[in-house]
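Data block for structure_2.tsv (TSV, C-alpha atoms):
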```
chain	number	residue	atom	x	y	z
A	1	MET	CA	234.16	31.09	3.09
A	2	PRO	CA	231.34	33.66	3.05
A	3	PHE	CA	228.60	33.53	5.67
A	4	ALA	CA	225.94	31.08	4.47
A	5	ARG	CA	222.42	32.46	4.61
A	6	GLU	CA	219.65	30.18	5.82
A	7	THR	CA	217.21	30.02	2.93
A	8	LEU	CA	213.69	28.65	2.61
A	9	VAL	CA	212.74	27.73	-0.96
A	10	VAL	CA	209.03	28.12	-1.74
A	11	SER	CA	207.61	26.92	-5.05
A	12	ALA	CA	204.62	24.82	-6.02
A	13	ILE	CA	206.56	23.56	-9.04
A	14	CYS	CA	208.31	20.34	-8.09
A	15	PHE	CA	211.03	20.53	-10.74
A	16	LEU	CA	211.88	24.15	-9.94
A	17	ARG	CA	211.85	23.61	-6.18
A	18	GLN	CA	213.91	20.42	-6.23
A	19	SER	CA	216.38	21.87	-8.72
A	20	LEU	CA	216.83	25.05	-6.70
A	21	VAL	CA	217.31	23.17	-3.45
A	22	GLU	CA	219.90	20.94	-5.10
A	23	ILE	CA	221.81	23.78	-6.79
A	24	LEU	CA	221.68	26.18	-3.83
A	25	SER	CA	222.89	23.41	-1.52
A	26	HIS	CA	226.20	23.55	-3.38
A	27	ALA	CA	226.49	27.34	-3.19
A	28	PRO	CA	228.72	28.43	-0.29
A	29	GLU	CA	226.71	31.64	0.14
A	30	VAL	CA	223.49	29.77	0.85
A	31	ARG	CA	222.32	27.10	3.26
A	32	VAL	CA	218.93	25.65	2.38
A	33	SER	CA	217.00	25.36	5.63
A	34	GLY	CA	213.79	24.05	4.12
A	35	GLU	CA	211.45	23.87	1.18
A	36	ALA	CA	207.71	24.27	0.81
A	37	ALA	CA	205.24	23.55	-1.97
A	38	SER	CA	202.18	25.10	-0.33
A	39	LEU	CA	201.38	28.31	1.52
A	40	ASP	CA	200.51	26.52	4.75
A	41	ARG	CA	203.77	24.61	4.68
A	42	ALA	CA	205.74	27.77	3.83
A	43	VAL	CA	204.27	29.59	6.83
A	44	GLU	CA	204.88	26.58	9.08
A	45	VAL	CA	208.52	26.15	8.02
A	46	ALA	CA	209.21	29.90	8.10
A	47	ARG	CA	207.92	30.11	11.67
A	48	ALA	CA	209.85	27.04	12.76
A	49	THR	CA	213.20	27.77	11.10
A	50	ARG	CA	213.21	31.61	10.93
A	51	PRO	CA	215.33	31.68	7.77
A	52	ALA	CA	217.31	34.76	6.77
A	53	ILE	CA	215.93	34.45	3.25
A	54	VAL	CA	212.61	33.23	1.88
A	55	LEU	CA	212.99	32.58	-1.84
A	56	LEU	CA	209.47	32.67	-3.26
A	57	ASP	CA	208.70	31.62	-6.82
A	58	ALA	CA	206.74	34.50	-8.38
A	59	ALA	CA	204.46	31.95	-10.07
A	60	PHE	CA	203.42	30.63	-6.65
A	61	PRO	CA	199.59	30.42	-6.26
A	62	GLY	CA	198.27	33.63	-4.76
A	63	GLY	CA	201.29	35.62	-5.95
A	64	THR	CA	201.77	38.84	-3.99
A	65	GLN	CA	198.99	37.91	-1.56
A	66	SER	CA	200.91	34.80	-0.59
A	67	ALA	CA	204.02	36.97	-0.25
A	68	ARG	CA	202.19	39.19	2.25
A	69	ILE	CA	201.16	36.18	4.33
A	70	ILE	CA	204.63	34.65	4.32
A	71	SER	CA	206.23	38.04	5.07
A	72	SER	CA	204.06	38.58	8.09
A	73	ALA	CA	204.75	35.03	9.32
A	74	ALA	CA	208.50	35.47	8.82
A	75	SER	CA	208.92	39.12	9.69
A	76	GLU	CA	212.65	38.73	10.37
A	77	SER	CA	213.30	37.14	6.98
A	78	SER	CA	214.05	38.89	3.71
A	79	LEU	CA	211.59	37.71	1.08
A	80	ILE	CA	212.99	37.44	-2.44
A	81	ALA	CA	210.59	37.16	-5.36
A	82	LEU	CA	212.04	34.78	-7.94
A	83	GLY	CA	211.35	35.15	-11.64
A	84	ILE	CA	209.32	38.34	-11.82
A	85	ARG	CA	208.96	40.42	-14.97
A	86	GLU	CA	211.14	43.45	-14.43
A	87	THR	CA	208.47	46.10	-15.04
A	88	GLU	CA	207.71	49.05	-12.76
A	89	GLN	CA	204.24	47.71	-12.01
A	90	GLU	CA	205.45	44.21	-11.15
A	91	VAL	CA	208.40	45.31	-9.02
A	92	LEU	CA	206.26	47.81	-7.07
A	93	ALA	CA	203.56	45.20	-6.49
A	94	TRP	CA	206.09	42.78	-5.01
A	95	ALA	CA	207.81	45.50	-2.99
A	96	GLU	CA	204.47	46.52	-1.50
A	97	ALA	CA	203.76	42.87	-0.71
A	98	GLY	CA	206.87	42.78	1.47
A	99	ALA	CA	209.60	41.63	-0.91
A	100	ALA	CA	213.05	42.85	0.14
A	101	GLY	CA	214.35	42.11	-3.34
A	102	TYR	CA	213.68	40.30	-6.58
A	103	VAL	CA	215.33	38.12	-9.17
A	104	PRO	CA	214.13	38.95	-12.69
A	105	ASP	CA	212.92	36.23	-15.03
A	106	THR	CA	215.92	36.90	-17.27
A	107	ALA	CA	218.46	35.99	-14.58
A	108	SER	CA	220.69	32.92	-14.67
A	109	VAL	CA	221.24	30.60	-11.72
A	110	ASP	CA	224.56	32.31	-11.01
A	111	ASP	CA	222.74	35.66	-11.02
A	112	LEU	CA	220.27	34.22	-8.53
A	113	ILE	CA	223.02	33.14	-6.14
A	114	ALA	CA	224.75	36.51	-6.43
A	115	LEU	CA	221.45	38.37	-5.90
A	116	ILE	CA	220.67	36.36	-2.77
A	117	GLY	CA	223.95	37.62	-1.33
A	118	GLN	CA	223.25	41.20	-2.43
A	119	ILE	CA	219.68	41.30	-1.19
A	120	SER	CA	220.59	39.83	2.18
A	121	ARG	CA	223.05	42.72	2.53
A	122	GLY	CA	220.19	45.13	1.81
A	123	GLU	CA	221.22	45.78	-1.78
A	124	GLN	CA	219.36	45.36	-5.05
A	125	THR	CA	220.52	45.81	-8.60
A	126	CYS	CA	217.77	47.19	-10.79
A	127	PRO	CA	217.35	49.28	-13.94
A	128	SER	CA	217.19	53.07	-13.57
A	129	ASN	CA	213.50	53.25	-14.52
A	130	ILE	CA	212.63	50.85	-11.69
A	131	ALA	CA	214.75	52.83	-9.22
A	132	GLY	CA	213.04	56.05	-10.38
A	133	SER	CA	209.63	54.50	-9.98
A	134	LEU	CA	210.43	53.32	-6.45
A	135	LEU	CA	211.71	56.80	-5.52
A	136	ARG	CA	208.55	58.42	-6.89
A	137	ARG	CA	206.41	56.00	-4.90
A	138	VAL	CA	208.35	56.70	-1.69
A	139	ALA	CA	208.08	60.48	-2.31
A	140	ALA	CA	204.33	60.23	-2.91
A	141	SER	CA	203.88	58.22	0.29
A	142	HIS	CA	205.94	60.80	2.18
A	143	ARG	CA	203.84	63.68	0.80
A	144	ALA	CA	200.64	61.89	1.74
A	145	ALA	CA	201.93	61.25	5.26
A	146	ALA	CA	203.10	64.86	5.62
A	147	GLY	CA	199.73	66.14	4.38
A	148	ALA	CA	197.92	64.05	6.94
A	149	ALA	CA	200.23	65.29	9.70
A	150	ALA	CA	199.75	68.94	8.66
A	151	LYS	CA	195.98	68.77	9.07
A	152	PRO	CA	194.72	70.40	12.28
A	153	PRO	CA	193.75	67.92	14.95
A	154	ALA	CA	190.16	66.76	14.93
A	155	PRO	CA	188.05	68.96	17.19
A	156	ALA	CA	187.03	67.51	20.52
A	157	LEU	CA	183.27	67.10	20.54
A	158	THR	CA	181.13	66.51	23.58
A	159	ARG	CA	178.93	63.45	23.76
A	160	ARG	CA	175.86	65.65	23.16
A	161	GLU	CA	177.48	67.31	20.13
A	162	ILE	CA	178.27	63.89	18.66
A	163	GLU	CA	174.64	62.88	19.15
A	164	ILE	CA	173.52	66.05	17.39
A	165	LEU	CA	176.06	65.51	14.65
A	166	SER	CA	174.59	62.11	14.02
A	167	LEU	CA	171.05	63.49	13.90
A	168	LEU	CA	172.09	66.31	11.58
A	169	GLY	CA	173.51	63.65	9.35
A	170	GLU	CA	170.11	62.02	9.26
A	171	GLY	CA	168.69	65.33	8.01
A	172	LEU	CA	166.69	66.22	11.14
A	173	SER	CA	165.66	69.83	11.77
A	174	ASN	CA	166.50	71.63	15.01
A	175	LYS	CA	162.94	71.06	16.17
A	176	ASP	CA	163.14	67.32	15.47
A	177	ILE	CA	166.50	67.08	17.20
A	178	ALA	CA	165.14	68.89	20.26
A	179	ARG	CA	162.22	66.49	20.35
A	180	ARG	CA	164.41	63.42	19.87
A	181	LEU	CA	166.86	64.44	22.60
A	182	ARG	CA	164.18	65.90	24.89
A	183	ILE	CA	165.93	69.25	25.14
A	184	SER	CA	164.70	72.76	24.39
A	185	LEU	CA	164.88	74.27	20.91
A	186	GLY	CA	167.13	77.04	22.22
A	187	THR	CA	169.59	74.50	23.67
A	188	THR	CA	169.54	72.59	20.41
A	189	LYS	CA	170.32	75.73	18.39
A	190	SER	CA	173.16	76.49	20.77
A	191	HIS	CA	174.62	72.99	20.38
A	192	VAL	CA	174.32	73.15	16.57
A	193	HIS	CA	175.97	76.58	16.53
A	194	ASN	CA	178.88	75.33	18.65
A	195	LEU	CA	179.19	72.17	16.59
A	196	LEU	CA	179.40	74.03	13.29
A	197	GLY	CA	181.98	76.35	14.82
A	198	LYS	CA	184.17	73.47	15.99
A	199	LEU	CA	183.95	71.78	12.64
A	200	GLY	CA	184.59	75.01	10.74
A	201	LEU	CA	181.46	74.58	8.66
A	202	PRO	CA	179.27	77.58	7.75
A	203	ARG	CA	175.96	75.74	7.26
A	204	ARG	CA	174.26	72.66	8.62
A	205	ALA	CA	173.86	71.42	5.06
A	206	ASP	CA	177.66	71.13	4.96
A	207	VAL	CA	177.48	68.67	7.84
A	208	MET	CA	175.28	66.37	5.79
A	209	ALA	CA	177.49	66.80	2.75
A	210	ARG	CA	180.65	65.87	4.65
A	211	LEU	CA	179.21	63.37	7.08
A	212	GLY	CA	178.57	60.95	4.23
A	213	PRO	CA	179.72	57.42	4.98
A	214	TRP	CA	180.28	58.07	8.66
A	215	THR	CA	176.55	58.59	9.35
A	216	GLU	CA	175.22	55.86	11.56
A	217	ARG	CA	172.02	54.22	10.40
A	218	PRO	CA	169.83	52.08	12.62
A	219	THR	CA	170.14	48.39	11.88
A	220	ALA	CA	167.03	46.53	10.86
A	221	ALA	CA	167.40	44.08	13.72
A	222	SER	CA	168.10	46.34	16.67
A	223	GLY	CA	166.82	49.72	15.67
A	224	ARG	CA	170.03	51.22	17.11
A	225	PRO	CA	172.94	52.41	15.08
A	226	ALA	CA	175.11	49.66	13.64
A	227	GLY	CA	178.34	51.45	14.51
A	228	PRO	CA	179.71	52.28	17.95
A	229	ARG	CA	177.68	54.43	20.31
A	230	PRO	CA	178.22	58.18	19.90
A	231	ASN	CA	180.32	58.47	23.03
A	232	GLU	CA	182.58	55.66	21.87
A	233	ILE	CA	183.76	57.31	18.68
A	234	ASP	CA	185.97	60.17	17.66
A	235	PRO	CA	184.84	62.76	15.14
A	236	PRO	CA	185.50	61.61	11.59
A	237	ALA	CA	188.95	62.47	10.34
A	238	SER	CA	187.47	64.21	7.31
A	239	PHE	CA	186.39	67.01	9.58
A	240	GLY	CA	189.93	67.70	10.65
B	1	MET	CA	239.56	3.95	-17.09
B	2	CYS	CA	235.77	4.27	-17.06
B	3	GLU	CA	233.86	4.62	-20.29
B	4	VAL	CA	232.40	8.11	-20.85
B	5	ARG	CA	229.78	8.85	-23.47
B	6	GLU	CA	228.78	12.27	-24.73
B	7	LEU	CA	225.16	13.27	-25.15
B	8	ARG	CA	224.62	16.28	-27.41
B	9	ALA	CA	221.40	18.11	-26.62
B	10	ILE	CA	219.51	20.97	-28.21
B	11	LEU	CA	217.23	23.11	-26.04
B	12	VAL	CA	214.23	24.78	-27.61
B	13	GLY	CA	211.92	27.41	-26.14
B	14	ALA	CA	213.51	27.24	-22.70
B	15	SER	CA	214.14	30.47	-20.82
B	16	PRO	CA	217.77	31.11	-19.89
B	17	PHE	CA	216.92	30.23	-16.28
B	18	LEU	CA	215.23	26.95	-17.21
B	19	ALA	CA	218.06	26.03	-19.57
B	20	ASP	CA	220.50	26.69	-16.75
B	21	LEU	CA	218.49	24.52	-14.33
B	22	ILE	CA	218.25	21.66	-16.83
B	23	ARG	CA	221.95	21.80	-17.55
B	24	ARG	CA	222.96	21.83	-13.89
B	25	VAL	CA	220.63	19.18	-12.49
B	26	ALA	CA	221.13	16.87	-15.47
B	27	GLU	CA	224.89	17.27	-15.67
B	28	ALA	CA	225.50	16.12	-12.12
B	29	ARG	CA	223.37	13.01	-12.51
B	30	LEU	CA	224.66	12.14	-15.96
B	31	ARG	CA	228.26	12.50	-14.84
B	32	SER	CA	227.73	9.87	-12.18
B	33	ALA	CA	226.32	7.58	-14.89
B	34	GLY	CA	229.37	8.10	-17.09
B	35	VAL	CA	227.69	10.55	-19.47
B	36	SER	CA	228.88	14.01	-20.42
B	37	LEU	CA	226.05	16.37	-21.38
B	38	GLU	CA	226.85	18.93	-24.05
B	39	VAL	CA	224.22	21.52	-24.98
B	40	VAL	CA	225.21	22.20	-28.59
B	41	ALA	CA	222.50	24.70	-29.49
B	42	GLU	CA	219.65	26.68	-27.96
B	43	PHE	CA	216.68	28.09	-29.85
B	44	ALA	CA	214.29	30.58	-28.31
B	45	ASP	CA	211.65	30.09	-30.96
B	46	SER	CA	210.05	26.70	-31.52
B	47	GLU	CA	209.12	27.26	-35.18
B	48	ASP	CA	212.58	28.54	-35.97
B	49	ALA	CA	214.04	25.44	-34.31
B	50	ARG	CA	211.82	23.12	-36.31
B	51	ARG	CA	213.12	24.63	-39.53
B	52	GLN	CA	216.75	24.29	-38.50
B	53	LEU	CA	216.88	21.06	-36.50
B	54	GLY	CA	217.07	18.88	-39.62
B	55	GLY	CA	220.64	19.86	-40.32
B	56	ARG	CA	221.91	19.70	-36.75
B	57	ALA	CA	224.06	16.93	-35.36
B	58	ALA	CA	222.68	16.21	-31.91
B	59	ASP	CA	221.38	13.25	-29.92
B	60	ILE	CA	218.27	14.75	-28.36
B	61	ALA	CA	216.09	17.86	-28.46
B	62	ILE	CA	214.24	19.18	-25.42
B	63	PHE	CA	211.31	21.53	-26.02
B	64	GLY	CA	210.02	23.87	-23.31
B	65	GLY	CA	206.38	25.01	-23.20
B	66	ALA	CA	205.15	21.70	-24.66
B	67	ARG	CA	201.61	20.29	-24.45
B	68	GLU	CA	202.58	16.84	-25.72
B	69	THR	CA	205.45	14.91	-27.20
B	70	PRO	CA	206.90	17.15	-29.93
B	71	ALA	CA	205.71	16.21	-33.41
B	72	PRO	CA	208.27	14.55	-35.73
B	73	ILE	CA	210.48	16.87	-37.76
B	74	GLU	CA	211.61	16.12	-41.29
B	75	GLY	CA	215.30	15.22	-41.38
B	76	TRP	CA	215.52	14.80	-37.60
B	77	SER	CA	215.59	11.27	-36.28
B	78	ALA	CA	216.82	11.78	-32.71
B	79	PRO	CA	214.36	11.56	-29.82
B	80	MET	CA	212.53	14.64	-28.60
B	81	LEU	CA	211.26	15.48	-25.15
B	82	GLY	CA	208.72	18.13	-24.22
B	83	LEU	CA	208.46	19.95	-20.89
B	84	SER	CA	205.07	21.41	-20.04
B	85	ALA	CA	204.86	25.20	-19.65
B	86	ASP	CA	204.10	24.85	-15.93
B	87	LEU	CA	207.06	22.48	-15.55
B	88	SER	CA	204.88	19.76	-14.08
B	89	LEU	CA	205.13	17.15	-16.85
B	90	ILE	CA	207.66	15.61	-19.19
B	91	PHE	CA	206.45	14.26	-22.54
B	92	GLY	CA	208.19	11.73	-24.75
B	93	PRO	CA	209.98	10.19	-26.38
B	94	GLY	CA	206.91	8.17	-27.37
B	95	PRO	CA	203.59	9.91	-28.09
B	96	SER	CA	202.00	8.38	-24.98
B	97	ASP	CA	204.97	8.77	-22.65
B	98	ILE	CA	204.05	11.25	-19.92
B	99	ALA	CA	205.68	11.51	-16.51
B	100	ARG	CA	205.98	13.98	-13.67
B	101	LEU	CA	208.83	16.37	-14.35
B	102	THR	CA	211.48	15.99	-11.69
B	103	PRO	CA	215.25	16.26	-11.94
B	104	GLU	CA	215.42	12.47	-11.50
B	105	ASN	CA	212.94	11.68	-14.28
B	106	LEU	CA	214.59	14.06	-16.71
B	107	ALA	CA	218.05	12.72	-15.99
B	108	ALA	CA	216.88	9.10	-16.21
B	109	ARG	CA	215.60	9.72	-19.74
B	110	LEU	CA	218.80	11.41	-20.78
B	111	VAL	CA	220.91	8.56	-19.41
B	112	LYS	CA	218.74	6.09	-21.31
B	113	PHE	CA	219.20	7.99	-24.59
B	114	SER	CA	222.93	8.24	-24.03
B	115	ARG	CA	223.19	4.44	-24.21
B	116	THR	CA	221.68	4.29	-27.68
B	117	ARG	CA	222.48	7.70	-29.11
B	118	GLY	CA	225.50	9.10	-27.31
B	119	SER	CA	228.98	8.95	-28.75
B	120	LEU	CA	231.78	7.18	-26.94
B	121	LEU	CA	234.27	9.80	-25.79
B	122	TYR	CA	236.83	7.47	-24.19
```
For the file at hand, write its structure as structure tokens.
Amino acid sequence: MPFARETLVVSAICFLRQSLVEILSHAPEVRVSGEAASLDRAVEVARATRPAIVLLDAAFPGGTQSARIISSAASESSLIALGIRETEQEVLAWAEAGAAGYVPDTASVDDLIALIGQISRGEQTCPSNIAGSLLRRVAASHRAAAGAAAKPPAPALTRREIEILSLLGEGLSNKDIARRLRISLGTTKSHVHNLLGKLGLPRRADVMARLGPWTERPTAASGRPAGPRPNEIDPPASFG
Amino acid sequence: MCEVRELRAILVGASPFLADLIRRVAEARLRSAGVSLEVVAEFADSEDARRQLGGRAADIAIFGGARETPAPIEGWSAPMLGLSADLSLIFGPGPSDIARLTPENLAARLVKFSRTRGSLLY
């Protein structure tokens, strides 16, 4: 007899859930360890029973978002999306939500039982266009990761340079910065020169252009920047 | 020897998966009640089924994706059941008959019809 996989059946539809539990209970490849009709219950049962398989009805409220929550609660389980439309978009969405496999809406009950066995062995039968789409997505993710790794490391800025960076982002002149920081104009120019050199930017206007969303603005309530203090943050990655 | 009756059913507008579920959960329950369920035809399209049901020899028709008890069809006198699209409700056979769709409720209706409509096999 094949090894029976502990399976949690999750569906808000009573007829579907009860029917699946009943049918799967007679399949030697599967052992139903629980059932759940709500997300809370699914998470609770998944944590308590740690099933090998979570069979999630694709029509479950919350769809892929619920899949993410259940997947993170049952990180050792393989989540199978039941009854999805076999389109590239749908399959990718469920894969990105943590599904280890899927059962298309055209499958029979026998197909479902066979697919549970396949998926729990790390296999998945799918059309060539879906396989191609998944490969393209993996390749694109790899390129993005490689691109990020190839970027030079962010320059190490001193606390004073980070303060000046922030003030440049606010559009202050060297004279205003010197006044704000109570340092001489010559020292300010020196700091700005060094800062631009570290960031590889030719002009101070480029700092403002690239600083964009990172610029800290004083909050209305406190008058101090809403974000972390300058010495608590690293230079923005976009400068790398 | 126990008496066994046959109930011939037609499924309309049910996906292959739903048809499979209905067949499996109903068969087991009907068997224990001495009824053999035979799905004699399946129609994917409801309108197509309505045109063709009149000439079919069957004891019951089950419609998927229903909002109410299926409307009468000319030339078809057997009872009809409707299953709501979200599979939460079962409609029929009477216009005001509505119940929660569960394997038990579906099978109970089929067993009931088998007593009046089904043919005696042996």
Find the residues in chain A near chain B: any atom within 7 Å counts, using all atoms listed in the file. Write them as a PyMOL selection string.
chain A and resi 13-15+19+106-109
May I have the residues within 9 Å of Glu123 (chain A) as a ChimeraX atom specification, using only C-alpha atoms and disregarding those fewer than 6 positions away in the same chain?
/A:100-101,115,117
Neighbours of Ile116 (chain A) within 9 Å (all atoms listed in the file; same-chain residues fewer than 3 positions away dropped), as a list in words?
Arg5, Glu29, Val30, Ile53, Leu55, Ile80, Gly101, Tyr102, Val103, Asp111, Leu112, Ile113, Ile119, Ser120 and Arg121 of chain A
Gap from CA of Gln18 (chain A) to CA of Gly122 (chain A) - Å, one decimal:
26.7 Å
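As for CA of Arg5 (chain B) and CA of Ser36 (chain B), they are spaced 6.1 Å apart.
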